[in-house]
Amino acid sequence: MKGLRLQSLTALVLALLSFLVSPIAAYSSIFGSLAVYLPGLMFTLVVRRKIGGDSADFLRTAALAEFGKLVLTGVLCAVVFIWVKPLAAGFFFLGMIGVLVTGWIGLALNREP
């Protein structure tokens, strides 16, 4: 869960920095961040319930949750690109990539030696 807090902070910082460019850049960055953050949160909530149980059940749940995460990310991207006008696409992807990379960094920092 520490990684999700780090991702939230990254989304906020990116949005604030994007606001220096324009309000459109700021909300585009927020939407990009949410397009990655919300599916990741859903994945975490689903998979955490299965930790400690049957390993086959855990792996099945993790695989389905990962597929659901990818589908939800794609749907959210499509929804934003179809219905949000005007949209600064570069800042949208900046928000997505920033939150995604922060998640990877969070995983690396949580790794035990």
# chains A, B, ... in the order shown; residues from 1 in each chain; ligands from 1
$ residues_around --residues "range 60-68 of chain A" --least-positions-apart "4" --cutoff "6 Å" --atoms "only C-alpha atoms" --output "list in words"
Phe43, Val47 and Leu72 of chain A
$ closest_atom_pairs --of "range 13-71 of chain A" --to "range 77-91 of chain A" --cutoff "12 Å" --atoms "only C-alpha atoms" --output "JSON lines"
{"residue": "A:Leu14", "atom": "CA", "partner": "A:Phe91", "partner_atom": "CA", "distance": 8.9}
{"residue": "A:Ala15", "atom": "CA", "partner": "A:Phe91", "partner_atom": "CA", "distance": 8.9}
{"residue": "A:Leu16", "atom": "CA", "partner": "A:Phe91", "partner_atom": "CA", "distance": 11.7}
{"residue": "A:Leu17", "atom": "CA", "partner": "A:Phe91", "partner_atom": "CA", "distance": 10.4}
{"residue": "A:Ser18", "atom": "CA", "partner": "A:Phe91", "partner_atom": "CA", "distance": 7.4}
{"residue": "A:Phe19", "atom": "CA", "partner": "A:Phe91", "partner_atom": "CA", "distance": 10.3}
{"residue": "A:Val21", "atom": "CA", "partner": "A:Phe91", "partner_atom": "CA", "distance": 10.0}
{"residue": "A:Ser22", "atom": "CA", "partner": "A:Ala88", "partner_atom": "CA", "distance": 9.6}
{"residue": "A:Pro23", "atom": "CA", "partner": "A:Ala88", "partner_atom": "CA", "distance": 9.9}
{"residue": "A:Ile24", "atom": "CA", "partner": "A:Ala88", "partner_atom": "CA", "distance": 6.4}
{"residue": "A:Ala25", "atom": "CA", "partner": "A:Ala88", "partner_atom": "CA", "distance": 5.5}
{"residue": "A:Ala26", "atom": "CA", "partner": "A:Phe91", "partner_atom": "CA", "distance": 7.5}
{"residue": "A:Tyr27", "atom": "CA", "partner": "A:Leu87", "partner_atom": "CA", "distance": 8.2}
{"residue": "A:Ser28", "atom": "CA", "partner": "A:Phe91", "partner_atom": "CA", "distance": 5.7}
{"residue": "A:Ser29", "atom": "CA", "partner": "A:Phe91", "partner_atom": "CA", "distance": 4.9}
{"residue": "A:Ile30", "atom": "CA", "partner": "A:Phe91", "partner_atom": "CA", "distance": 8.7}
{"residue": "A:Phe31", "atom": "CA", "partner": "A:Val80", "partner_atom": "CA", "distance": 7.3}
{"residue": "A:Gly32", "atom": "CA", "partner": "A:Phe91", "partner_atom": "CA", "distance": 7.6}
{"residue": "A:Ser33", "atom": "CA", "partner": "A:Phe91", "partner_atom": "CA", "distance": 9.7}
{"residue": "A:Leu34", "atom": "CA", "partner": "A:Cys77", "partner_atom": "CA", "distance": 9.6}
{"residue": "A:Ala35", "atom": "CA", "partner": "A:Cys77", "partner_atom": "CA", "distance": 6.3}
{"residue": "A:Val36", "atom": "CA", "partner": "A:Cys77", "partner_atom": "CA", "distance": 9.1}
{"residue": "A:Leu38", "atom": "CA", "partner": "A:Cys77", "partner_atom": "CA", "distance": 11.7}
{"residue": "A:Pro39", "atom": "CA", "partner": "A:Cys77", "partner_atom": "CA", "distance": 11.4}
{"residue": "A:Leu70", "atom": "CA", "partner": "A:Cys77", "partner_atom": "CA", "distance": 10.7}
{"residue": "A:Val71", "atom": "CA", "partner": "A:Cys77", "partner_atom": "CA", "distance": 9.9}
$ closest_residue --among "A:Leu20, A:Gly95, A:Tyr37, A:Val101" --to "Arg5 in chain A" --atoms "only C-alpha atoms"
A:Tyr37
$ select_by_dssp --residues "chain A" --states "alpha helix (DSSP H)" --output "number ranges by chain"
A: 2-19, 23-48, 55-83, 89-110
$ atom_distance --atom1 "CA of Ile97 in chain A" --atom2 "CA of Arg48 in chain A"
24.2 Å
$ atom_distance --atom1 "CA of Gln7 in chain A" --atom2 "CA of Val99 in chain A"
5.3 Å
